[in-house]
file my_file.cif (mmCIF, C-alpha atoms and all ligand atoms)
data_target
loop_
_atom_site.label_atom_id
_atom_site.label_comp_id
_atom_site.auth_asym_id
_atom_site.auth_seq_id
_atom_site.Cartn_x
_atom_site.Cartn_y
_atom_site.Cartn_z
CA MET A 199 -30.29 -14.86 2.65
CA GLN A 200 -33.53 -13.48 1.21
CA ASP A 201 -33.63 -10.54 3.61
CA ILE A 202 -30.26 -9.20 2.43
CA ARG A 203 -29.99 -7.05 -0.65
CA ASN A 204 -27.44 -4.29 -0.06
CA ILE A 205 -24.02 -5.22 1.28
CA VAL A 206 -21.12 -2.99 2.33
CA VAL A 207 -17.77 -4.67 2.88
CA LEU A 208 -14.93 -2.81 4.62
CA THR A 209 -11.43 -4.24 4.28
CA GLY A 210 -8.18 -3.39 6.03
CA ALA A 211 -4.57 -4.48 6.05
CA GLY A 212 -5.44 -7.92 7.44
CA ILE A 213 -6.96 -9.03 4.14
CA SER A 214 -3.61 -8.52 2.38
CA ALA A 215 -1.48 -10.03 5.16
CA GLU A 216 -1.58 -13.53 3.67
CA SER A 217 -0.36 -12.05 0.37
CA GLY A 218 2.75 -10.88 2.21
CA ILE A 219 1.97 -7.18 2.76
CA ALA A 220 2.74 -6.03 6.29
CA THR A 221 -0.13 -4.73 8.43
CA PHE A 222 0.20 -1.31 10.09
CA ARG A 223 -0.06 -2.22 13.71
CA GLY A 224 1.97 -5.39 13.74
CA PRO A 225 4.54 -6.43 16.35
CA GLY A 226 6.50 -3.41 17.59
CA GLY A 227 3.88 -1.01 16.21
CA LEU A 228 6.07 -0.27 13.19
CA TRP A 229 5.04 -0.23 9.56
CA GLU A 230 7.88 -1.66 7.46
CA GLY A 231 10.38 -0.32 10.01
CA HIS A 232 8.87 3.17 10.34
CA ARG A 233 6.57 4.84 12.82
CA VAL A 234 3.33 5.59 10.94
CA GLU A 235 3.63 9.28 11.99
CA ASP A 236 6.99 9.53 10.20
CA VAL A 237 5.68 8.48 6.80
CA CYS A 238 1.93 9.03 6.88
CA THR A 239 1.29 12.65 7.88
CA PRO A 240 1.29 15.96 5.97
CA GLU A 241 3.98 17.15 8.41
CA ALA A 242 6.26 14.24 7.51
CA LEU A 243 5.82 14.99 3.81
CA ALA A 244 6.71 18.67 4.38
CA ASP A 245 9.68 17.92 6.68
CA ASP A 246 11.27 15.06 4.77
CA PRO A 247 9.76 14.61 1.30
CA ALA A 248 12.65 12.40 0.18
CA LEU A 249 11.95 9.89 2.97
CA VAL A 250 8.18 9.85 2.41
CA HIS A 251 8.44 9.55 -1.38
CA ALA A 252 11.07 6.81 -1.11
CA PHE A 253 8.92 4.93 1.40
CA TYR A 254 5.91 4.85 -0.94
CA ASP A 255 8.13 4.12 -3.96
CA ALA A 256 9.28 0.99 -2.10
CA ARG A 257 5.70 0.00 -1.22
CA ARG A 258 4.63 0.55 -4.85
CA ALA A 259 7.54 -1.51 -6.19
CA ALA A 260 6.72 -4.29 -3.72
CA LEU A 261 3.30 -4.76 -5.35
CA ALA A 262 5.07 -6.58 -8.19
CA ARG A 263 6.09 -9.32 -5.73
CA VAL A 264 2.64 -10.09 -4.29
CA THR A 265 -0.56 -11.61 -5.61
CA PRO A 266 -4.19 -11.66 -4.46
CA ASN A 267 -5.03 -14.37 -1.91
CA PRO A 268 -8.24 -16.42 -1.55
CA ALA A 269 -9.92 -13.63 0.44
CA HIS A 270 -9.47 -11.09 -2.40
CA LEU A 271 -10.62 -13.71 -4.91
CA ALA A 272 -13.71 -14.53 -2.85
CA LEU A 273 -14.73 -10.85 -2.72
CA ALA A 274 -14.24 -10.60 -6.48
CA ARG A 275 -16.52 -13.61 -6.86
CA LEU A 276 -19.08 -11.91 -4.64
CA ASP A 277 -18.85 -8.80 -6.82
CA GLU A 278 -19.38 -10.92 -9.94
CA GLU A 279 -22.25 -13.01 -8.64
CA TRP A 280 -24.15 -10.87 -6.11
CA GLY A 281 -27.24 -9.48 -7.83
CA GLY A 282 -28.01 -6.91 -5.13
CA GLY A 283 -26.17 -3.77 -4.10
CA LEU A 284 -22.52 -4.11 -3.13
CA LEU A 285 -19.78 -1.67 -2.23
CA ILE A 286 -16.33 -2.89 -1.22
CA VAL A 287 -14.60 -0.08 0.66
CA THR A 288 -10.94 -0.71 1.25
CA GLN A 289 -8.58 1.18 3.52
CA ASN A 290 -5.73 -0.53 1.70
CA VAL A 291 -3.59 1.28 -0.83
CA ASP A 292 -2.47 -1.91 -2.59
CA ASP A 293 -4.19 -3.04 -5.78
CA LEU A 294 -4.95 -6.64 -4.82
CA HIS A 295 -8.75 -6.24 -4.84
CA GLU A 296 -8.77 -5.00 -8.42
CA ARG A 297 -6.18 -7.55 -9.53
CA ALA A 298 -8.49 -10.24 -8.13
CA GLY A 299 -11.27 -8.79 -10.29
CA ALA A 300 -13.35 -6.66 -7.89
CA ARG A 301 -15.03 -3.71 -9.57
CA ARG A 302 -17.56 -2.27 -7.11
CA LEU A 303 -14.59 -0.98 -5.13
CA LEU A 304 -13.50 2.26 -3.46
CA HIS A 305 -10.03 3.10 -2.12
CA MET A 306 -10.93 5.46 0.72
CA HIS A 307 -7.27 6.01 1.77
CA GLY A 308 -5.87 6.48 -1.74
CA ALA A 309 -3.80 4.15 -3.89
CA LEU A 310 -0.10 3.40 -4.27
CA GLN A 311 -0.30 3.41 -8.05
CA SER A 312 -1.72 6.91 -8.17
CA ALA A 313 -0.17 10.38 -7.88
CA LEU A 314 -1.94 13.45 -6.52
CA CYS A 315 -1.05 16.99 -7.55
CA ALA A 316 -0.85 19.14 -4.41
CA ALA A 317 -1.28 22.23 -6.62
CA CYS A 318 -4.26 21.41 -8.85
CA GLY A 319 -5.73 18.37 -7.12
CA VAL A 320 -5.68 16.07 -10.16
CA ARG A 321 -5.17 12.37 -9.45
CA ARG A 322 -3.60 10.20 -12.11
CA ARG A 323 -2.40 6.65 -12.50
CA TRP A 324 1.30 6.45 -11.61
CA PRO A 325 2.76 2.93 -11.69
CA GLY A 326 6.48 3.87 -11.44
CA ALA A 327 8.75 5.78 -9.07
CA LEU A 328 7.59 9.23 -7.94
CA PRO A 329 10.55 11.40 -6.84
CA PRO A 330 9.85 14.66 -4.94
CA GLY A 331 9.39 17.56 -7.35
CA SER A 332 7.81 15.46 -10.10
CA ILE A 333 5.98 17.69 -12.57
CA CYS A 334 2.19 17.52 -12.83
CA PRO A 335 1.32 16.93 -16.51
CA ASP A 336 -1.95 18.84 -15.99
CA CYS A 337 -0.83 22.12 -14.40
CA GLY A 338 2.98 22.03 -14.73
CA ALA A 339 3.64 22.49 -11.00
CA ALA A 340 6.42 20.47 -9.36
CA ALA A 341 3.89 19.26 -6.85
CA LEU A 342 3.10 15.57 -7.38
CA ARG A 343 2.93 13.52 -4.19
CA PRO A 344 1.86 9.96 -3.34
CA ASP A 345 -1.95 9.73 -3.56
CA ILE A 346 -2.21 8.49 0.00
CA VAL A 347 -4.68 9.91 2.53
CA PHE A 348 -2.44 10.90 5.41
CA PHE A 349 -3.56 11.22 9.02
CA GLY A 350 -5.52 14.44 9.36
CA GLU A 351 -6.64 14.41 5.71
CA MET A 352 -10.16 13.66 4.49
CA PRO A 353 -10.66 10.14 3.08
CA TYR A 354 -12.02 9.82 -0.44
CA ALA A 355 -15.63 9.23 -1.48
CA MET A 356 -17.20 9.71 1.95
CA ASP A 357 -20.51 10.77 0.35
CA ARG A 358 -20.78 7.53 -1.60
CA ILE A 359 -19.78 5.48 1.42
CA GLU A 360 -22.28 7.25 3.67
CA HIS A 361 -25.01 6.63 1.09
CA ALA A 362 -24.17 2.92 0.85
CA LEU A 363 -24.03 2.52 4.65
CA GLY A 364 -27.38 4.26 4.97
CA SER A 365 -29.08 1.60 2.85
CA ALA A 366 -27.03 -1.43 3.91
CA ASP A 367 -28.73 -4.65 5.03
CA LEU A 368 -25.40 -6.27 5.85
CA PHE A 369 -22.08 -4.70 6.84
CA VAL A 370 -18.99 -6.91 6.91
CA SER A 371 -15.61 -5.78 8.23
CA ILE A 372 -12.56 -7.82 7.23
CA GLY A 373 -9.01 -7.56 8.58
CA THR A 374 -9.08 -4.16 10.22
CA SER A 375 -8.11 -3.21 13.76
CA GLY A 376 -10.88 -0.60 14.10
CA ALA A 377 -8.30 1.93 15.29
CA VAL A 378 -8.67 4.59 12.59
CA TYR A 379 -11.72 6.80 12.03
CA PRO A 380 -13.88 7.40 10.08
CA ALA A 381 -13.71 3.76 8.91
CA ALA A 382 -13.86 2.51 12.50
CA GLY A 383 -17.27 4.20 12.84
CA PHE A 384 -18.86 2.55 9.79
CA VAL A 385 -20.18 -0.35 11.85
CA GLN A 386 -22.15 2.03 14.07
CA ARG A 387 -23.52 3.90 11.04
CA ALA A 388 -24.60 0.61 9.46
CA ARG A 389 -26.30 -0.46 12.69
CA GLN A 390 -28.24 2.80 12.75
CA ALA A 391 -29.46 1.95 9.26
CA GLY A 392 -30.68 -1.42 10.55
CA ALA A 393 -27.94 -3.54 8.98
CA ARG A 394 -26.74 -6.84 10.38
CA THR A 395 -23.03 -6.57 11.18
CA LEU A 396 -20.34 -9.23 10.84
CA GLU A 397 -16.62 -9.01 11.61
CA LEU A 398 -14.03 -11.39 10.11
CA ASN A 399 -10.63 -10.85 11.73
CA LEU A 400 -7.63 -12.73 13.05
CA GLU A 401 -8.25 -11.45 16.57
CA ARG A 402 -10.76 -9.33 18.40
CA SER A 403 -10.47 -5.68 17.35
CA ALA A 404 -11.13 -2.32 19.00
CA GLY A 405 -14.60 -2.39 17.42
CA SER A 406 -15.61 -6.01 18.05
CA ALA A 407 -18.23 -5.05 20.64
CA TRP A 408 -20.24 -3.23 17.95
CA PHE A 409 -20.73 -6.28 15.74
CA ASP A 410 -23.62 -8.75 15.91
CA GLU A 411 -21.10 -11.49 15.23
CA THR A 412 -17.29 -11.79 15.13
CA ARG A 413 -15.58 -14.78 13.48
CA LEU A 414 -11.90 -15.15 14.35
CA GLY A 415 -9.35 -16.61 11.94
CA PRO A 416 -7.32 -15.84 8.82
CA ALA A 417 -9.15 -13.92 6.08
CA GLY A 418 -7.96 -16.43 3.48
CA THR A 419 -10.13 -19.06 5.16
CA LEU A 420 -12.99 -17.05 6.65
CA VAL A 421 -13.85 -14.88 3.63
CA PRO A 422 -14.24 -17.69 1.04
CA ALA A 423 -16.40 -19.63 3.53
CA TRP A 424 -18.62 -16.61 4.18
CA VAL A 425 -19.01 -15.83 0.46
CA GLU A 426 -19.81 -19.48 -0.29
CA THR A 427 -22.61 -19.46 2.27
CA LEU A 428 -23.96 -16.14 1.09
CA LEU A 429 -24.11 -17.23 -2.56
CA ALA A 430 -25.45 -20.72 -1.85
CA PRO A 431 -28.83 -21.24 -3.50
N1 LIG B 501 -6.65 -12.41 8.40
C1 LIG B 501 -7.53 -11.56 9.02
N2 LIG B 501 -7.15 -10.53 9.81
C2 LIG B 501 -5.83 -10.34 9.98
C3 LIG B 501 -4.85 -11.16 9.37
C4 LIG B 501 -5.31 -12.25 8.56
N3 LIG B 501 -4.48 -13.09 7.95
N4 LIG B 501 -3.62 -10.71 9.74
C5 LIG B 501 -3.83 -9.65 10.54
N5 LIG B 501 -5.16 -9.43 10.70
C6 LIG B 501 -5.83 -8.38 11.46
C7 LIG B 501 -5.08 -7.92 12.70
O1 LIG B 501 -5.41 -8.73 13.80
C8 LIG B 501 -5.59 -6.49 12.85
O2 LIG B 501 -6.76 -6.45 13.66
O3 LIG B 501 -5.92 -7.25 10.62
C9 LIG B 501 -5.93 -6.08 11.42
C10 LIG B 501 -4.97 -5.08 10.79
O4 LIG B 501 -4.99 -3.88 11.51
P1 LIG B 501 -4.10 -2.63 11.13
O5 LIG B 501 -2.69 -3.07 10.93
O6 LIG B 501 -4.36 -1.57 12.16
O7 LIG B 501 -4.65 -2.18 9.69
P2 LIG B 501 -5.93 -1.32 9.31
O8 LIG B 501 -7.04 -1.57 10.28
O9 LIG B 501 -6.19 -1.57 7.88
O10 LIG B 501 -5.40 0.17 9.49
C11 LIG B 501 -6.27 1.22 9.20
O11 LIG B 501 -4.54 2.84 9.55
O12 LIG B 501 -2.34 3.55 9.29
C12 LIG B 501 -3.64 3.65 8.84
O13 LIG B 501 -4.30 4.44 6.75
C13 LIG B 501 -3.76 3.31 7.38
O14 LIG B 501 -5.56 2.21 6.22
C14 LIG B 501 -4.75 2.17 7.38
C15 LIG B 501 -5.53 2.39 8.65
#

call {"tool": "encode", "arguments": {"input": "my_file.cif", "output": "C-alpha cells", "more": "lines below"}}
Ligand code: APR
result
Amino acid sequence: MQDIRNIVVLTGAGISAESGIATFRGPGGLWEGHRVEDVCTPEALADDPALVHAFYDARRAALARVTPNPAHLALARLDEEWGGGLLIVTQNVDDLHERAGARRLLHMHGALQSALCAACGVRRRWPGALPPGSICPDCGAAALRPDIVFFGEMPYAMDRIEHALGSADLFVSIGTSGAVYPAAGFVQRARQAGARTLELNLERSAGSAWFDETRLGPAGTLVPAWVETLLAP
C-alpha cells in the first residue's frame, strides 16, 4: 500500500450494530420505537423536551450495557499502527470508538455523553441523566440539552473534515446508509481529491455507486480483514 498515506474513515450506525446498538433505518424505519423526526429535530426538542431528553437519557444509560466489537477494535489498531495521516469521522453518538482506543476521531453528530448549553454554546462531558432545565455550570442558564446534532443543524468540525478529505489518498465508509448529508457527500469530495474509495457495509447503500469498490458483509468481519491487509508488511 505504498501509494496510500492519508486515510479518512467514515463510520455509521452499522459499525455498532454488532455491539447491540440499533441502527436508525432498521426494519419499520423506527429508531428504538420512535420516528427520527420525533426525537432528532430542534422542533421536537422545543415541543416536547421531556420526551427528547428522556430518549437520550435512555440511549446514554444503554452505553453501559454494550462493548466495542472487532470492527471498533480494528480501527483502534489502525489508529495505533498507521504511520500516515488518519481521521476517523463517526456519525455515531456512542463512545465505542474511543472505548476501543481510537484517538484520531471526530464525532460529527455530537456525543451522548456530552451536554450542550443552548445559551452559551459550551459543550461539556455529561455521563449521567440530563433532565430538561439542567443548569449550565458556565453561564447559569437553565439551557443544557443533549449534545446531539439534530436534523437541520450544522455538524461539528466540518472544516477539519473538509481538510482531511481534500488530502485523502483513501476514503473508507463503514456501516452507513448514505442517506444523510453532508456525510453522504464525503465520498464524492474524496474522489475529487483523487482518493481511492472503499465501502464496507452489510448491504448496498444509497451511495454505493460512488465507490470504486463495495464489500458486503458484517463490519465485525470486514473491517478487521481490511485493516490486516492494509497493515501487512
Ligand atoms: N455491519 C455493517 N453494516 C451494517 C451492519 C453490520 N453489522 N448492520 C447494519 N449495517 C448497515 C445497514 O445496512 C445500513 O446501510 O449500516 C447502515 C446503517 O444505516 P443507518 O441506520 O441509516 O445509519 P447511519 O447511516 O449511521 O445514519 C446516519 O442519520 O439519523 C441520522 O444522525 C443520525 O448519524 C445518523 C445518520

call {"tool": "residues_near_ligand", "arguments": {"input": "my_file.cif", "ligand": "ligand LIG 501 (chain B)", "cutoff": "7 Å", "atoms": "only C-alpha atoms and all ligand atoms", "output": "number ranges by chain"}}
result
A: 209-213, 215-216, 221-224, 234, 289-290, 307, 347-348, 372-378, 398-403, 415-418

call {"tool": "write_last_selection", "arguments": {"input": "my_file.cif", "atoms": "C-alpha atoms", "output": "compact mmCIF listing (two decimals), keeping the file's coordinate frame"}}
result
# COMPACT_ATOMS: atom_id res chain seq x y z
CA THR A 209 -11.43 -4.24 4.28
CA GLY A 210 -8.18 -3.39 6.03
CA ALA A 211 -4.57 -4.48 6.05
CA GLY A 212 -5.44 -7.92 7.44
CA ILE A 213 -6.96 -9.03 4.14
CA ALA A 215 -1.48 -10.03 5.16
CA GLU A 216 -1.58 -13.53 3.67
CA THR A 221 -0.13 -4.73 8.43
CA PHE A 222 0.20 -1.31 10.09
CA ARG A 223 -0.06 -2.22 13.71
CA GLY A 224 1.97 -5.39 13.74
CA VAL A 234 3.33 5.59 10.94
CA GLN A 289 -8.58 1.18 3.52
CA ASN A 290 -5.73 -0.53 1.70
CA HIS A 307 -7.27 6.01 1.77
CA VAL A 347 -4.68 9.91 2.53
CA PHE A 348 -2.44 10.90 5.41
CA ILE A 372 -12.56 -7.82 7.23
CA GLY A 373 -9.01 -7.56 8.58
CA THR A 374 -9.08 -4.16 10.22
CA SER A 375 -8.11 -3.21 13.76
CA GLY A 376 -10.88 -0.60 14.10
CA ALA A 377 -8.30 1.93 15.29
CA VAL A 378 -8.67 4.59 12.59
CA LEU A 398 -14.03 -11.39 10.11
CA ASN A 399 -10.63 -10.85 11.73
CA LEU A 400 -7.63 -12.73 13.05
CA GLU A 401 -8.25 -11.45 16.57
CA ARG A 402 -10.76 -9.33 18.40
CA SER A 403 -10.47 -5.68 17.35
CA GLY A 415 -9.35 -16.61 11.94
CA PRO A 416 -7.32 -15.84 8.82
CA ALA A 417 -9.15 -13.92 6.08
CA GLY A 418 -7.96 -16.43 3.48

call {"tool": "closest_residue", "arguments": {"input": "my_file.cif", "among": "A:Met352, A:Asp367, A:Leu420, A:Leu328", "to": "Pro247 of chain A", "atoms": "all atoms listed in the file"}}
result
A:Leu328

call {"tool": "atom_distance", "arguments": {"input": "my_file.cif", "atom1": "atom CA of Arg323 of chain A", "atom2": "atom CA of Ile205 of chain A"}}
result
28.3 Å

call {"tool": "closest_atom_pairs", "arguments": {"input": "my_file.cif", "of": "segment 246-311 of chain A", "to": "segment 330-338 of chain A", "cutoff": "10 Å", "atoms": "all atoms listed in the file", "output": "JSON lines"}}
result
{"residue": "A:Asp246", "atom": "CA", "partner": "A:Pro330", "partner_atom": "CA", "distance": 9.8}
{"residue": "A:Pro247", "atom": "CA", "partner": "A:Pro330", "partner_atom": "CA", "distance": 6.2}
{"residue": "A:Ala248", "atom": "CA", "partner": "A:Pro330", "partner_atom": "CA", "distance": 6.3}
{"residue": "A:Leu249", "atom": "CA", "partner": "A:Pro330", "partner_atom": "CA", "distance": 9.5}
{"residue": "A:Val250", "atom": "CA", "partner": "A:Pro330", "partner_atom": "CA", "distance": 8.9}
{"residue": "A:His251", "atom": "CA", "partner": "A:Pro330", "partner_atom": "CA", "distance": 6.4}
{"residue": "A:Ala252", "atom": "CA", "partner": "A:Pro330", "partner_atom": "CA", "distance": 8.8}

call {"tool": "write_last_selection", "arguments": {"input": "my_file.cif", "atoms": "C-alpha atoms", "output": "compact mmCIF listing (two decimals), in the coordinates of the input"}}
result
# COMPACT_ATOMS: atom_id res chain seq x y z
CA ASP A 246 11.27 15.06 4.77
CA PRO A 247 9.76 14.61 1.30
CA ALA A 248 12.65 12.40 0.18
CA LEU A 249 11.95 9.89 2.97
CA VAL A 250 8.18 9.85 2.41
CA HIS A 251 8.44 9.55 -1.38
CA ALA A 252 11.07 6.81 -1.11

call {"tool": "atom_distance", "arguments": {"input": "my_file.cif", "atom1": "atom CA of Glu411 of chain A", "atom2": "atom CA of Glu397 of chain A"}}
result
6.3 Å

call {"tool": "residues_around", "arguments": {"input": "my_file.cif", "residues": "segment 379-396 of chain A", "least_positions_apart": "2", "cutoff": "6 Å", "atoms": "only C-alpha atoms", "output": "list in words"}}
result
Leu363, Gly364, Ala366, Asp367, Leu368, Phe369, Val370, Gly376, Phe409, Asp410, Glu411 and Thr412 of chain A

call {"tool": "closest_residue", "arguments": {"input": "my_file.cif", "among": "A:Ile202, A:Leu276, A:Ala262, A:Cys238", "to": "Ile346 of chain A", "atoms": "all atoms listed in the file"}}
result
A:Cys238

call {"tool": "atom_distance", "arguments": {"input": "my_file.cif", "atom1": "atom CA of Pro422 of chain A", "atom2": "atom CA of Glu278 of chain A"}}
result
13.9 Å

call {"tool": "closest_residue", "arguments": {"input": "my_file.cif", "among": "A:Leu310, A:Ala430, A:Ala220, A:Met356", "to": "Ala259 of chain A", "atoms": "all atoms listed in the file"}}
result
A:Leu310

call {"tool": "closest_residue", "arguments": {"input": "my_file.cif", "among": "A:Ala313, A:Ala355, A:Ala404, A:Val421", "to": "Leu273 of chain A", "atoms": "only C-alpha atoms"}}
result
A:Val421

call {"tool": "closest_residue", "arguments": {"input": "my_file.cif", "among": "A:Leu428, A:Leu303, A:Ala309, A:Ala341", "to": "Leu285 of chain A", "atoms": "all atoms listed in the file"}}
result
A:Leu303

call {"tool": "residues_around", "arguments": {"input": "my_file.cif", "residues": "Arg275 of chain A", "least_positions_apart": "3", "cutoff": "8 Å", "atoms": "all atoms listed in the file", "output": "mmCIF file with C-alpha atoms, keeping the file's coordinate frame"}}
result
data_model
loop_
_atom_site.group_PDB
_atom_site.id
_atom_site.type_symbol
_atom_site.label_atom_id
_atom_site.label_comp_id
_atom_site.auth_asym_id
_atom_site.auth_seq_id
_atom_site.Cartn_x
_atom_site.Cartn_y
_atom_site.Cartn_z
ATOM 1 C CA LEU A 271 -10.620 -13.710 -4.910
ATOM 2 C CA ALA A 272 -13.710 -14.530 -2.850
ATOM 3 C CA GLU A 278 -19.380 -10.920 -9.940
ATOM 4 C CA GLU A 279 -22.250 -13.010 -8.640
ATOM 5 C CA GLY A 299 -11.270 -8.790 -10.290
ATOM 6 C CA ALA A 300 -13.350 -6.660 -7.890
#

call {"tool": "residues_around", "arguments": {"input": "my_file.cif", "residues": "Leu261 of chain A", "least_positions_apart": "6", "cutoff": "9 Å", "atoms": "all atoms listed in the file", "output": "PyMOL selection string"}}
result
chain A and resi 219+292-294+310

call {"tool": "closest_residue", "arguments": {"input": "my_file.cif", "among": "A:Val206, A:Ile286, A:Val237, A:Ala339", "to": "Ala316 of chain A", "atoms": "all atoms listed in the file"}}
result
A:Ala339
